[in-house]
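Data from final_12.cif: mmCIF, C-alpha atoms
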data_model
#
loop_
_atom_site.label_atom_id
_atom_site.label_comp_id
_atom_site.auth_asym_id
_atom_site.auth_seq_id
_atom_site.Cartn_x
_atom_site.Cartn_y
_atom_site.Cartn_z
CA ARG A 1023 0.00 0.00 0.00
CA LYS A 1024 1.01 3.61 -0.46
CA ILE A 1025 2.83 5.18 2.51
CA ILE A 1026 2.64 8.96 2.95
CA PHE A 1027 5.29 10.43 5.25
CA GLU A 1028 6.60 14.00 5.44
CA LYS A 1029 4.94 14.99 2.14
CA GLN A 1030 6.56 11.98 0.45
CA TRP A 1031 4.71 8.96 -0.86
CA PHE A 1032 6.32 5.61 -1.61
CA TYR A 1033 5.87 1.84 -1.53
CA LEU A 1034 7.80 -0.39 0.89
CA ASP A 1035 7.89 -3.50 -1.32
CA ASN A 1036 11.56 -3.11 -2.23
CA ALA A 1037 12.57 -2.53 1.40
CA ILE A 1038 11.68 -6.09 2.44
CA GLY A 1039 14.83 -8.14 3.01
CA HIS A 1040 17.13 -5.21 3.76
CA THR A 1041 18.63 -4.61 7.19
CA TYR A 1042 17.46 -1.86 9.53
CA GLY A 1043 19.37 1.37 9.04
CA THR A 1044 19.46 1.08 5.23
CA THR A 1045 19.02 4.37 3.40
CA PHE A 1046 16.80 4.43 0.32
CA GLU A 1047 16.14 6.90 -2.46
CA VAL A 1048 12.58 7.43 -3.65
CA THR A 1049 12.56 7.01 -7.42
CA ASN A 1050 9.82 7.72 -9.94
CA GLY A 1051 6.64 5.81 -9.16
CA GLY A 1052 7.33 5.78 -5.43
CA ASN A 1053 9.72 2.81 -5.55
CA LEU A 1054 12.58 2.58 -3.06
CA GLN A 1055 16.13 1.93 -4.22
CA PRO A 1056 19.10 1.50 -1.84
CA LYS A 1057 21.25 4.60 -1.91
CA ARG A 1058 24.76 4.09 -3.17
CA GLU A 1059 27.54 5.23 -0.91
CA VAL A 1060 29.02 7.86 -3.20
CA GLU A 1061 31.11 10.69 -1.91
CA GLU A 1062 29.03 13.80 -2.29
CA ALA A 1063 30.59 16.60 -4.23
CA THR A 1064 30.74 19.21 -1.51
CA PRO A 1065 29.95 22.66 -2.84
CA GLU A 1066 32.64 25.28 -2.62
CA THR A 1067 31.73 27.06 0.57
CA LYS A 1068 35.12 28.68 1.11
CA GLU A 1069 33.83 32.05 0.03
CA ALA A 1070 31.78 33.11 3.00
CA GLY A 1071 30.80 36.43 4.46
CA THR A 1072 31.65 37.68 7.92
CA ASP A 1073 28.05 38.29 8.99
CA ASN A 1074 24.50 38.34 7.64
CA ARG A 1075 23.56 41.89 8.51
CA ASN A 1076 23.43 43.10 4.88
CA ILE A 1077 21.34 40.16 3.60
CA VAL A 1078 17.69 41.04 3.04
CA ASP A 1079 15.18 38.22 2.72
CA ASP A 1080 12.98 39.76 0.02
CA GLY A 1081 12.46 36.57 -2.02
CA LYS A 1082 14.42 37.91 -4.99
CA SER A 1083 17.78 36.29 -4.27
CA GLN A 1084 16.90 33.00 -6.02
CA LYS A 1085 16.94 33.15 -9.83
CA LEU A 1086 15.27 29.76 -10.30
CA THR A 1087 11.48 30.00 -10.19
CA HIS A 1088 9.06 27.37 -8.95
CA ASP A 1089 8.29 26.36 -12.55
CA ASP A 1090 12.01 25.91 -13.29
CA ILE A 1091 12.44 23.60 -10.30
CA LYS A 1092 9.34 21.63 -11.35
CA ALA A 1093 10.75 21.27 -14.85
CA LEU A 1094 14.02 19.94 -13.41
CA LYS A 1095 12.08 17.36 -11.39
CA ASP A 1096 10.10 16.31 -14.47
CA LYS A 1097 13.34 15.73 -16.36
CA GLY A 1098 14.37 13.22 -13.66
CA ILE A 1099 17.23 15.27 -12.22
CA LYS A 1100 18.14 14.05 -8.73
CA GLY A 1101 17.71 16.13 -5.63
CA GLN A 1102 21.44 16.59 -5.11
CA GLU A 1103 21.80 18.25 -8.51
CA ILE A 1104 18.78 20.48 -7.86
CA VAL A 1105 20.34 21.64 -4.59
CA GLN A 1106 23.60 22.41 -6.42
CA GLN A 1107 21.74 24.50 -9.01
CA LEU A 1108 19.88 26.36 -6.25
CA ILE A 1109 23.22 27.24 -4.67
CA GLU A 1110 24.66 28.44 -7.98
CA ASN A 1111 21.58 30.56 -8.77
CA SER A 1112 21.42 32.20 -5.33
CA THR A 1113 22.78 35.75 -5.32
CA THR A 1114 23.19 35.92 -1.53
CA PHE A 1115 24.74 32.47 -0.87
CA ARG A 1116 28.36 33.70 -1.09
CA ASP A 1117 27.68 36.57 1.31
CA LYS A 1118 26.33 34.30 4.06
CA THR A 1119 28.47 33.05 6.90
CA GLU A 1120 29.79 29.49 6.83
CA PHE A 1121 27.23 28.40 9.41
CA ALA A 1122 24.38 30.01 7.46
CA GLN A 1123 25.55 28.27 4.28
CA ASP A 1124 25.50 24.86 5.99
CA LYS A 1125 22.05 25.59 7.33
CA TYR A 1126 20.83 26.61 3.84
CA ILE A 1127 22.22 23.42 2.24
CA LYS A 1128 20.71 21.24 4.96
CA LYS A 1129 17.30 22.87 4.53
CA LYS A 1130 17.28 22.47 0.74
CA LYS A 1131 18.45 18.85 0.96
CA LYS A 1132 15.58 18.03 3.27
CA LYS A 1133 13.15 19.60 0.83
CA TYR A 1134 14.39 18.22 -2.50
CA GLU A 1135 16.33 15.05 -1.71
CA ALA A 1136 13.87 12.16 -1.29
CA VAL A 1137 16.01 10.01 1.02
CA ILE A 1138 14.49 7.65 3.59
CA THR A 1139 16.22 5.61 6.29
CA ILE A 1140 14.28 2.75 7.88
CA VAL A 1141 15.22 2.34 11.52
CA LYS A 1142 14.34 -0.38 14.02
CA PRO A 1143 11.47 0.70 16.31
CA SER A 1144 12.41 1.35 19.92
CA THR A 1145 10.92 3.00 22.99
CA ARG A 1146 12.96 6.17 22.46
CA ILE A 1147 11.93 6.58 18.81
CA LEU A 1148 8.24 5.84 19.38
CA SER A 1149 7.94 8.02 22.49
CA THR A 1150 9.68 10.92 20.72
CA MET A 1151 7.39 10.50 17.71
CA TYR A 1152 4.19 10.35 19.77
CA TYR A 1153 5.22 13.33 21.91
CA ALA A 1154 6.05 15.43 18.81
CA ARG A 1155 3.02 14.50 16.72
CA GLU A 1156 0.17 13.31 18.98
CA PRO A 1157 0.99 14.09 22.63
CA GLY A 1158 -2.68 13.93 23.64
CA LYS A 1159 -2.82 10.20 22.90
CA ILE A 1160 -0.09 9.48 25.46
CA ASN A 1161 -1.29 12.01 28.08
CA HIS A 1162 1.66 14.29 27.25
CA LEU A 1163 4.12 11.73 28.61
CA ARG A 1164 7.59 12.97 27.63
CA TYR A 1165 10.31 10.48 26.73
CA ASP A 1166 12.61 11.43 29.62
CA THR A 1167 9.70 10.98 32.06
CA LEU A 1168 9.04 7.53 30.58
CA ALA A 1169 12.71 6.65 31.05
CA GLN A 1170 12.50 7.66 34.72
CA MET A 1171 9.37 5.53 35.14
CA LEU A 1172 11.21 2.46 33.85
CA THR A 1173 14.14 3.14 36.19
CA LEU A 1174 12.10 3.92 39.31
CA GLY A 1175 9.87 0.90 38.66
CA ASN A 1176 12.93 -1.41 38.51
CA ILE A 1177 11.74 -2.96 35.25
CA ARG A 1178 13.92 -5.96 34.43
CA ALA A 1179 13.71 -9.45 32.96
CA GLY A 1180 11.92 -12.01 35.11
CA ASN A 1181 9.67 -9.52 36.90
CA LYS A 1182 5.95 -9.88 37.46
CA MET A 1183 4.66 -6.40 36.63
CA ILE A 1184 1.23 -4.78 36.82
CA VAL A 1185 0.72 -2.01 34.25
CA MET A 1186 -2.28 0.31 34.17
CA GLU A 1187 -2.02 2.83 31.35
CA THR A 1188 -4.13 4.77 28.88
CA CYS A 1189 -1.21 5.92 26.70
CA ALA A 1190 -2.15 3.92 23.58
CA GLY A 1191 0.06 1.03 24.75
CA LEU A 1192 3.33 3.00 24.74
CA VAL A 1193 4.14 2.37 28.42
CA LEU A 1194 3.21 -1.30 28.03
CA GLY A 1195 5.51 -1.60 25.00
CA ALA A 1196 8.35 0.08 26.89
CA VAL A 1197 7.96 -2.38 29.78
CA MET A 1198 7.83 -5.35 27.37
CA GLU A 1199 10.97 -4.15 25.59
CA ARG A 1200 12.87 -3.73 28.88
CA MET A 1201 11.81 -7.21 30.10
CA GLY A 1202 12.79 -8.87 26.82
CA GLY A 1203 10.10 -11.54 26.86
CA TYR A 1204 11.06 -12.92 30.30
CA GLY A 1205 8.66 -12.64 33.22
CA SER A 1206 4.97 -11.80 33.15
CA ILE A 1207 3.00 -8.59 32.65
CA ILE A 1208 -0.59 -8.03 33.76
CA GLN A 1209 -2.25 -5.15 31.94
CA MET A 1210 -5.23 -3.60 33.72
CA TYR A 1211 -7.61 -1.94 31.29
CA PRO A 1212 -10.82 0.11 31.48
CA GLY A 1213 -13.78 -0.44 29.17
CA GLY A 1214 -14.31 -3.35 26.84
CA GLY A 1215 -10.71 -4.20 25.99
CA PRO A 1216 -7.07 -3.07 26.12
CA VAL A 1217 -5.72 -0.50 23.64
CA ARG A 1218 -2.35 -1.50 22.18
CA ALA A 1219 -1.89 0.70 19.12
CA ALA A 1220 1.66 1.76 20.07
CA THR A 1221 2.57 -1.73 21.32
CA SER A 1222 1.95 -3.20 17.88
CA CYS A 1223 4.44 -0.68 16.40
CA PHE A 1224 7.34 -2.24 18.33
CA GLY A 1225 7.22 -5.39 16.20
CA PHE A 1226 7.64 -7.80 19.11
CA PRO A 1227 7.80 -11.54 18.35
CA LYS A 1228 5.01 -13.87 19.49
CA LEU A 1229 7.11 -14.97 22.47
CA PHE A 1230 6.69 -11.53 24.05
CA PHE A 1231 2.89 -11.82 23.98
CA ASP A 1232 2.78 -15.31 25.50
CA ASN A 1233 3.42 -13.91 28.98
CA LEU A 1234 1.19 -10.84 28.55
CA HIS A 1235 -2.06 -11.05 30.52
CA GLU A 1236 -4.99 -8.65 30.75
CA PHE A 1237 -7.61 -8.00 33.40
CA PRO A 1238 -10.52 -5.52 33.43
CA LEU A 1239 -10.62 -2.83 36.12
CA SER A 1240 -14.34 -3.41 36.58
CA LYS A 1241 -13.66 -6.83 38.16
CA VAL A 1242 -10.85 -5.82 40.53
CA ASP A 1243 -13.19 -5.08 43.47
CA SER A 1244 -14.94 -8.44 43.12
CA LEU A 1245 -11.54 -10.16 42.99
CA LEU A 1246 -10.43 -8.48 46.22
CA SER A 1247 -13.72 -9.24 47.98
CA GLY A 1248 -13.65 -12.89 46.88
CA THR A 1249 -16.84 -12.75 44.82
CA PHE A 1250 -15.09 -12.88 41.44
CA SER A 1251 -16.56 -15.43 39.04
CA THR A 1252 -16.71 -15.82 35.28
CA GLU A 1253 -19.53 -17.22 33.23
CA THR A 1254 -19.64 -20.99 32.85
CA LEU A 1255 -17.02 -22.14 30.41
CA PRO A 1256 -18.46 -23.65 27.24
CA SER A 1257 -17.80 -27.40 27.54
CA GLU A 1258 -19.37 -30.68 26.49
CA PRO A 1259 -22.97 -29.79 27.47
CA GLU A 1260 -22.93 -26.75 25.16
CA ASP A 1261 -21.47 -28.87 22.35
CA ASN A 1262 -24.29 -31.37 22.93
CA THR A 1263 -26.84 -28.60 22.71
CA LEU A 1264 -25.23 -27.55 19.43
CA VAL A 1265 -25.62 -31.13 18.13
CA GLU A 1266 -29.24 -31.18 19.27
CA GLU A 1267 -29.85 -27.87 17.52
CA GLU A 1268 -28.28 -29.29 14.37
CA SER A 1269 -30.46 -32.42 14.58
CA ASN A 1270 -33.54 -30.29 15.19
CA GLY A 1271 -32.60 -28.18 12.22
CA LEU A 1272 -32.27 -31.31 10.07
CA THR A 1273 -35.66 -32.64 11.19
CA GLU A 1274 -37.21 -29.27 10.41
CA GLU A 1275 -35.57 -29.37 6.99
CA LYS A 1276 -36.96 -32.87 6.43
CA GLN A 1277 -40.42 -31.69 7.45
CA ILE A 1278 -40.16 -28.75 5.08
CA SER A 1279 -38.98 -31.01 2.26
CA LEU A 1280 -41.83 -33.45 2.97
CA ARG A 1281 -44.31 -30.61 2.83
CA GLU A 1282 -42.76 -29.40 -0.41
CA THR A 1283 -43.02 -32.90 -1.94
CA GLU A 1284 -46.64 -33.18 -0.81
CA GLU A 1285 -47.44 -29.82 -2.36
CA GLU A 1286 -45.62 -30.84 -5.55
CA SER A 1287 -47.55 -34.14 -5.72
CA THR A 1288 -50.85 -32.31 -5.33
CA SER A 1289 -49.84 -29.83 -7.98
CA GLU A 1290 -48.87 -32.69 -10.33
CA THR A 1291 -52.27 -34.35 -9.88
CA ALA A 1292 -54.03 -31.04 -10.36
CA MET A 1293 -52.00 -29.78 -13.32
CA GLU A 1294 -50.56 -32.56 -15.45
CA ILE A 1295 -50.23 -30.33 -18.51
CA ASN A 1296 -47.39 -28.06 -17.32
CA GLN A 1297 -44.73 -30.74 -16.67
CA THR A 1298 -41.83 -28.66 -18.00
CA GLU A 1299 -42.66 -25.74 -15.73
CA GLU A 1300 -42.84 -28.07 -12.72
CA GLN A 1301 -39.37 -29.46 -13.54
CA ASP A 1302 -37.96 -25.91 -13.61
CA THR A 1303 -39.45 -25.15 -10.20
CA MET A 1304 -37.98 -28.43 -8.86
CA ASP A 1305 -34.48 -27.35 -10.00
CA ILE A 1306 -34.92 -23.92 -8.43
CA ASN A 1307 -36.07 -25.48 -5.14
CA ALA A 1308 -33.04 -27.80 -5.13
CA GLU A 1309 -30.69 -24.84 -5.65
CA ASP A 1310 -32.42 -22.94 -2.86
CA ALA A 1311 -32.05 -25.92 -0.54
CA GLU A 1312 -28.29 -26.17 -1.29
CA PHE A 1313 -27.89 -22.44 -0.69
CA LYS A 1314 -29.73 -22.73 2.64
CA GLU A 1315 -27.57 -25.69 3.71
CA ASN A 1316 -24.34 -23.82 2.89
CA LYS A 1317 -25.55 -20.75 4.72
CA GLU A 1318 -26.50 -22.78 7.78
CA LYS A 1319 -23.09 -24.48 7.78
CA GLU A 1320 -21.37 -21.07 7.67
CA ASN A 1321 -23.53 -19.81 10.53
CA LYS A 1322 -22.73 -22.89 12.62
CA ASP A 1323 -19.00 -22.50 11.92
CA ASN A 1324 -19.20 -18.86 12.96
CA VAL A 1325 -21.00 -19.80 16.17
CA ARG A 1326 -18.37 -22.43 16.97
CA GLU A 1327 -15.53 -19.95 16.29
CA LYS A 1328 -17.19 -17.32 18.44
CA GLN A 1329 -17.68 -19.80 21.28
CA ARG A 1330 -14.06 -20.93 20.99
CA LYS A 1331 -12.82 -17.33 21.28
CA GLN A 1332 -15.08 -16.71 24.27
CA TRP A 1333 -13.78 -19.88 25.92
CA GLU A 1334 -10.15 -18.79 25.35
CA LYS A 1335 -10.90 -15.32 26.70
CA ARG A 1336 -12.52 -16.69 29.86
CA LYS A 1337 -9.69 -19.15 30.32
CA LYS A 1338 -7.12 -16.34 30.13
CA LEU A 1339 -9.22 -14.27 32.53
CA ILE A 1340 -9.21 -17.09 35.09
CA GLU A 1341 -5.42 -17.49 34.70
CA THR A 1342 -4.88 -13.75 35.20
CA ALA A 1343 -7.15 -13.76 38.25
CA ALA A 1344 -5.08 -16.60 39.72
CA LEU A 1345 -1.88 -14.59 39.15
CA LEU A 1346 -3.38 -11.53 40.86
CA ARG A 1347 -4.67 -13.56 43.82
CA GLU A 1348 -1.08 -14.47 44.67
CA LYS A 1349 -0.50 -10.77 45.53
CA ASN A 1350 3.21 -11.02 44.83
CA ALA A 1351 3.72 -8.59 41.93
CA ASP A 1352 7.23 -7.14 41.66
CA GLY A 1353 6.10 -3.66 40.70
CA LEU A 1354 3.28 -1.37 39.63
CA ILE A 1355 3.21 1.23 36.86
CA VAL A 1356 0.24 3.61 36.57
CA ALA A 1357 -0.03 6.17 33.76
CA SER A 1358 -3.65 6.92 32.97
CA LYS A 1359 -6.10 9.74 32.36
CA PHE A 1360 -8.11 8.70 35.43
CA HIS A 1361 -7.61 10.00 38.96
CA PRO A 1362 -4.61 8.08 40.36
CA THR A 1363 -5.72 7.81 44.04
CA PRO A 1364 -8.42 5.08 43.80
CA LEU A 1365 -6.40 3.21 41.18
CA LEU A 1366 -3.22 3.15 43.23
CA LEU A 1367 -4.86 2.31 46.56
CA THR A 1368 -6.66 -0.63 44.94
CA LEU A 1369 -3.83 -2.00 42.82
CA LEU A 1370 -1.26 -1.79 45.64
CA GLU A 1371 -3.11 -4.73 47.22
CA PHE A 1372 -1.62 -7.00 44.56
CA VAL A 1373 1.99 -5.82 45.03
CA ALA A 1374 4.39 -7.71 47.31
CA PRO A 1375 6.21 -5.87 50.13
CA SER A 1376 9.52 -4.12 49.39
CA ARG A 1377 8.58 -3.51 45.76
CA PRO A 1378 8.58 -0.19 43.85
CA PHE A 1379 5.59 1.60 42.33
CA VAL A 1380 5.44 4.62 40.01
CA VAL A 1381 2.45 6.81 39.16
CA TYR A 1382 2.46 9.34 36.32
CA CYS A 1383 0.05 12.23 36.00
CA GLN A 1384 0.07 15.25 33.73
CA TYR A 1385 -0.92 17.50 36.65
CA LYS A 1386 0.46 17.90 40.16
CA GLU A 1387 -2.74 18.25 42.22
CA PRO A 1388 -4.06 14.66 41.81
CA LEU A 1389 -0.66 13.29 42.84
CA LEU A 1390 -0.59 15.57 45.92
CA GLU A 1391 -3.90 14.11 47.00
CA CYS A 1392 -2.57 10.62 46.31
CA TYR A 1393 0.55 11.42 48.38
CA THR A 1394 -1.47 12.46 51.44
CA LYS A 1395 -3.79 9.43 51.16
CA LEU A 1396 -0.80 7.09 51.08
CA ARG A 1397 0.70 8.81 54.12
CA GLU A 1398 -2.56 8.31 56.03
CA ARG A 1399 -2.91 4.71 54.90
CA GLY A 1400 0.67 3.62 55.55
CA GLY A 1401 2.33 0.60 54.01
CA VAL A 1402 4.68 2.70 51.85
CA ILE A 1403 8.06 4.36 52.37
CA ASN A 1404 10.37 6.63 50.39
CA LEU A 1405 7.48 8.56 48.83
CA LYS A 1406 8.71 11.11 46.31
CA LEU A 1407 6.82 13.54 44.09
CA SER A 1408 9.06 14.84 41.31
CA GLU A 1409 8.95 16.82 38.09
CA THR A 1410 11.57 16.43 35.38
CA TRP A 1411 13.03 19.32 33.48
CA LEU A 1412 14.39 18.82 29.98
CA ARG A 1413 16.49 21.11 27.82
CA ASN A 1414 17.64 20.16 24.32
CA TYR A 1415 21.08 21.25 23.11
CA GLN A 1416 22.39 21.57 19.60
CA VAL A 1417 25.90 20.12 19.59
CA LEU A 1418 27.88 21.15 16.50
CA PRO A 1419 31.45 22.46 16.03
CA ASP A 1420 31.74 26.06 17.28
CA ARG A 1421 27.95 26.40 17.60
CA SER A 1422 26.74 24.31 20.52
CA HIS A 1423 23.90 26.04 22.33
CA PRO A 1424 20.50 25.32 23.90
CA LYS A 1425 17.67 25.23 21.42
CA LEU A 1426 15.33 28.20 21.40
CA THR A 1427 12.17 26.14 21.79
CA MET A 1428 11.90 24.00 24.91
CA SER A 1429 9.28 21.71 26.42
CA GLY A 1430 7.18 23.44 29.07
CA GLY A 1431 6.57 20.36 31.21
CA GLY A 1432 6.77 16.60 31.09
CA GLY A 1433 4.29 15.72 33.82
CA TYR A 1434 4.82 14.57 37.42
CA LEU A 1435 5.87 11.28 38.99
CA LEU A 1436 4.96 9.82 42.37
CA SER A 1437 7.20 6.93 43.37
CA GLY A 1438 7.67 4.84 46.48
CA ILE A 1439 8.32 1.38 47.93
CA THR A 1440 5.74 -0.90 49.51
CA VAL A 1441 6.18 -2.37 53.00
CA VAL A 1442 4.06 -4.70 55.13
CA LEU A 1443 0.97 -2.79 56.22
CA ASP A 1444 0.36 -3.11 59.97
CA LYS A 1445 -3.24 -2.02 60.26
CA GLY A 1446 -3.05 -1.61 64.05
CA LYS A 1447 -0.28 0.95 63.88
CA SER A 1448 -1.82 2.80 60.96
CA ASP A 1449 -4.86 3.77 63.07
CA PRO A 1450 -4.44 7.43 64.22
CA THR A 1451 -6.17 6.76 67.57
CA ASP A 1452 -3.59 4.06 68.35
CA LEU A 1453 -0.77 6.46 67.44
CA GLU A 1454 -2.13 9.04 69.92
CA ALA A 1455 -2.39 6.34 72.61
CA LEU A 1456 1.24 5.38 72.00
CA LYS A 1457 2.32 9.01 72.38
CA MET A 1458 0.43 9.30 75.67
CA GLU A 1459 2.12 6.16 77.01
CA GLU A 1460 5.60 7.51 76.20
CA PRO A 1461 7.61 8.34 79.39
CA SER A 1462 7.94 12.01 80.23
CA SER A 1463 11.72 11.84 80.68
CA LYS A 1464 12.09 10.58 77.12
CA ARG A 1465 9.99 13.43 75.79
CA CYS A 1466 12.12 15.93 77.72
CA LYS A 1467 15.29 14.54 76.14
CA VAL A 1468 13.81 14.95 72.69
CA GLN A 1469 12.86 18.55 73.46
CA ASP A 1470 16.38 19.26 74.74
CA LEU A 1471 17.86 17.85 71.58
CA HIS A 1472 15.66 20.12 69.46
CA CYS A 1473 16.77 23.13 71.49
#
Show this structure as structure tokens.
Amino acid sequence: RKIIFEKQWFYLDNAIGHTYGTTFEVTNGGNLQPKREVEEATPETKEAGTDNRNIVDDGKSQKLTHDDIKALKDKGIKGQEIVQQLIENSTTFRDKTEFAQDKYIKKKKKKYEAVITIVKPSTRILSTMYYAREPGKINHLRYDTLAQMLTLGNIRAGNKMIVMETCAGLVLGAVMERMGGYGSIIQMYPGGGPVRAATSCFGFPKLFFDNLHEFPLSKVDSLLSGTFSTETLPSEPEDNTLVEEESNGLTEEKQISLRETEEESTSETAMEINQTEEQDTMDINAEDAEFKENKEKENKDNVREKQRKQWEKRKKLIETAALLREKNADGLIVASKFHPTPLLLTLLEFVAPSRPFVVYCQYKEPLLECYTKLRERGGVINLKLSETWLRNYQVLPDRSHPKLTMSGGGGYLLSGITVVLDKGKSDPTDLEALKMEEPSSKRCKVQDLHC
């Protein structure tokens, strides 16, 4: 199919079989051809001005018009030659500084040279792409914030992770890439099913998905309360009912055919003259019967396939519920558009003690509320609420500097470590009682130390 990217359209048929990192040229007809490694004839940029103060951008410095450039393209002249002609026909190119000349050449190459490099998908590339193009789909999760989430969550091979995200599957894909197919991941999802648009872009092998489980958020409360149950799994009784339905269908067909034959016999006795017409109707009825049989077979096959998928889904749901009941997850990652407090307080029940958890939110206020609730509840230590600050730098010879445009914010992270929750000590009334029982001499020593 036709791929449209950065105002270029092409077909990827010729790219199959090449290694990642191969650079292609887009030829006529949108076909890709591997670019030959030819030393580019560098334009003579020795003549350069001292500064650009006398250059006026009035649009008259380029002698080649838009029609001339279009004519060059129609002739089949490559982009490199077009760039060279643009340089030669520019009246202000020689007066520009060396840096400005490089910038001009780079800009024109990007516009006229149809060169494409196919790179292997990774977390860094996909997160950068999503943040630049569609940040709303990933809740404005910046790539450096995602990197901190993976580090604070101690994501590694062999872990048993719980992931709750509404970032189009980007966080899930990042966790799967870091774990490398070893360990198990339980994805909690809202609604009818999980969204994994970004996860599919990673190109993971089937092995990675074998240990990926999913569980709906709507059934978490019933799982914790012990009332969780799935519908009865389709087994032999349902298959028997299918057979009975089939037999009933056949008997009905026989009855219909018997009625048809009776009607035909009566019609033959009544109208013996039109034998040819009766034979035509018999053929039509036979064709209709075959069509009905084929249609019924297709419907039955569809029903069986649907029941098989439902059975597999329920089986996976029971397996995931068994994994969650163990309550020994090695970590928890939350990055969703929902309020983090109820999510975190509920999902922490499935995490083992001395394990990390990370919560991402685009705004600070929900995480502040979550922080105070966790402090009141107890069972966590090393709580930290942080915001990352990112500044991009251009690193080039003699012109390294921060870029003018900078990201305003990359969201906030709340991280911590779970510990065994002692419900007796977490009660505030018990804490006050303990303070009252403390000896007075000990309190005096503490006061002296503060002084």
Around all listed atoms of range 1207-1216 of chain A, padded 6 Å per side, what centre and edge lengths does the axis-aligned box have in Å to one decimal, as JSON?
{"center_x": -5.7, "center_y": -4.2, "center_z": 29.9, "size_x": 29.3, "size_y": 20.7, "size_z": 19.8}
With range 1353-1371 of chain A as the partner and 9 Å as the cut-off, tabulate the residues of range 1383-1453 of chain A that qualify, each row holding the nearest pair of atoms and their distance in Å to one decimal, using all atoms listed in the file, sorted by chain and rising number, as CSV.
residue,atom,partner,partner_atom,distance
A:Cys1383,CA,A:Ala1357,CA,6.5
A:Gln1384,CA,A:Lys1359,CA,8.4
A:Pro1388,CA,A:His1361,CA,6.5
A:Leu1389,CA,A:Pro1362,CA,7.0
A:Glu1391,CA,A:Thr1363,CA,7.2
A:Cys1392,CA,A:Thr1363,CA,4.8
A:Tyr1393,CA,A:Thr1363,CA,8.4
A:Lys1395,CA,A:Thr1363,CA,7.6
A:Leu1396,CA,A:Leu1367,CA,7.7
A:Arg1399,CA,A:Leu1367,CA,8.9
A:Thr1440,CA,A:Leu1370,CA,8.0
Checklist line | Shell around range 1401-1407 of chain A at 9 Å using all atoms listed in the file, local window under 2 positions removed, as a list in words | finding: Pro1375, Ser1376, Lys1386, Leu1389, Leu1390, Tyr1393, Leu1396, Arg1397, Arg1399, Glu1409, Tyr1434, Leu1435, Leu1436, Ser1437, Gly1438, Ile1439, Thr1440, Val1441, Val1442, Leu1443, Asp1444, Lys1445 and Ser1448 of chain A
Item checked: Among listed residues A:Arg1413, A:Leu1229, A:Val1185, A:Asn1076, nearest Gly1430 in chain A (using all atoms listed in the file) -> A:Arg1413
Note to self: If I take CA of Phe1237 in chain A and CA of Ile1184 in chain A, how far is one from the other in Å, to one decimal?
What the structure shows: 10.0 Å
As a check of understanding, name the residues that the PyMOL selection byres ((chain A and resi 1189) around 8) selects in the supplied structure, as a PDB file with C-alpha atoms, in the coordinates of the input.
ATOM      1  CA  LYS A1159      -2.820  10.200  22.900  1.00  0.00           C
ATOM      2  CA  ILE A1160      -0.090   9.480  25.460  1.00  0.00           C
ATOM      3  CA  ASN A1161      -1.290  12.010  28.080  1.00  0.00           C
ATOM      4  CA  GLU A1187      -2.020   2.830  31.350  1.00  0.00           C
ATOM      5  CA  THR A1188      -4.130   4.770  28.880  1.00  0.00           C
ATOM      6  CA  ALA A1190      -2.150   3.920  23.580  1.00  0.00           C
ATOM      7  CA  GLY A1191       0.060   1.030  24.750  1.00  0.00           C
ATOM      8  CA  LEU A1192       3.330   3.000  24.740  1.00  0.00           C
ATOM      9  CA  VAL A1193       4.140   2.370  28.420  1.00  0.00           C
ATOM     10  CA  ALA A1357      -0.030   6.170  33.760  1.00  0.00           C
ATOM     11  CA  SER A1358      -3.650   6.920  32.970  1.00  0.00           C
TER      12      SER A1358
END
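Atom to atom, CA of Glu1341 in chain A and CA of Phe1372 in chain A stand 14.9 Å apart.
Among the candidates A:Lys1029, A:Asn1111, A:Gly1202, A:Ala1343, the one nearest to Ser1244 in chain A when counting only C-alpha atoms is A:Ala1343.
Under the PyMOL selection byres ((chain A and resi 1432) around 6), the matching residues in the shown file are A:Arg1164, A:Gly1431, A:Gly1433.
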Do you have, as CSV, the list of residues of range 1066-1169 of chain A lying at most 10 Å from range 1041-1044 of chain A, each with its nearest atom pair and that distance in Å to one decimal, counting all atoms listed in the file and ordered by chain then number?
residue,atom,partner,partner_atom,distance
A:Ile1138,CA,A:Thr1044,CA,8.4
A:Thr1139,CA,A:Thr1044,CA,5.7
A:Ile1140,CA,A:Gly1043,CA,5.4
A:Val1141,CA,A:Gly1043,CA,4.9
A:Lys1142,CA,A:Tyr1042,CA,5.7
A:Pro1143,CA,A:Tyr1042,CA,9.4
Notebook entry, point to check: Which value, in Å to one decimal, gives the distance between CA of Val1381 in chain A and CA of Arg1155 in chain A?
Noted result: 23.7 Å
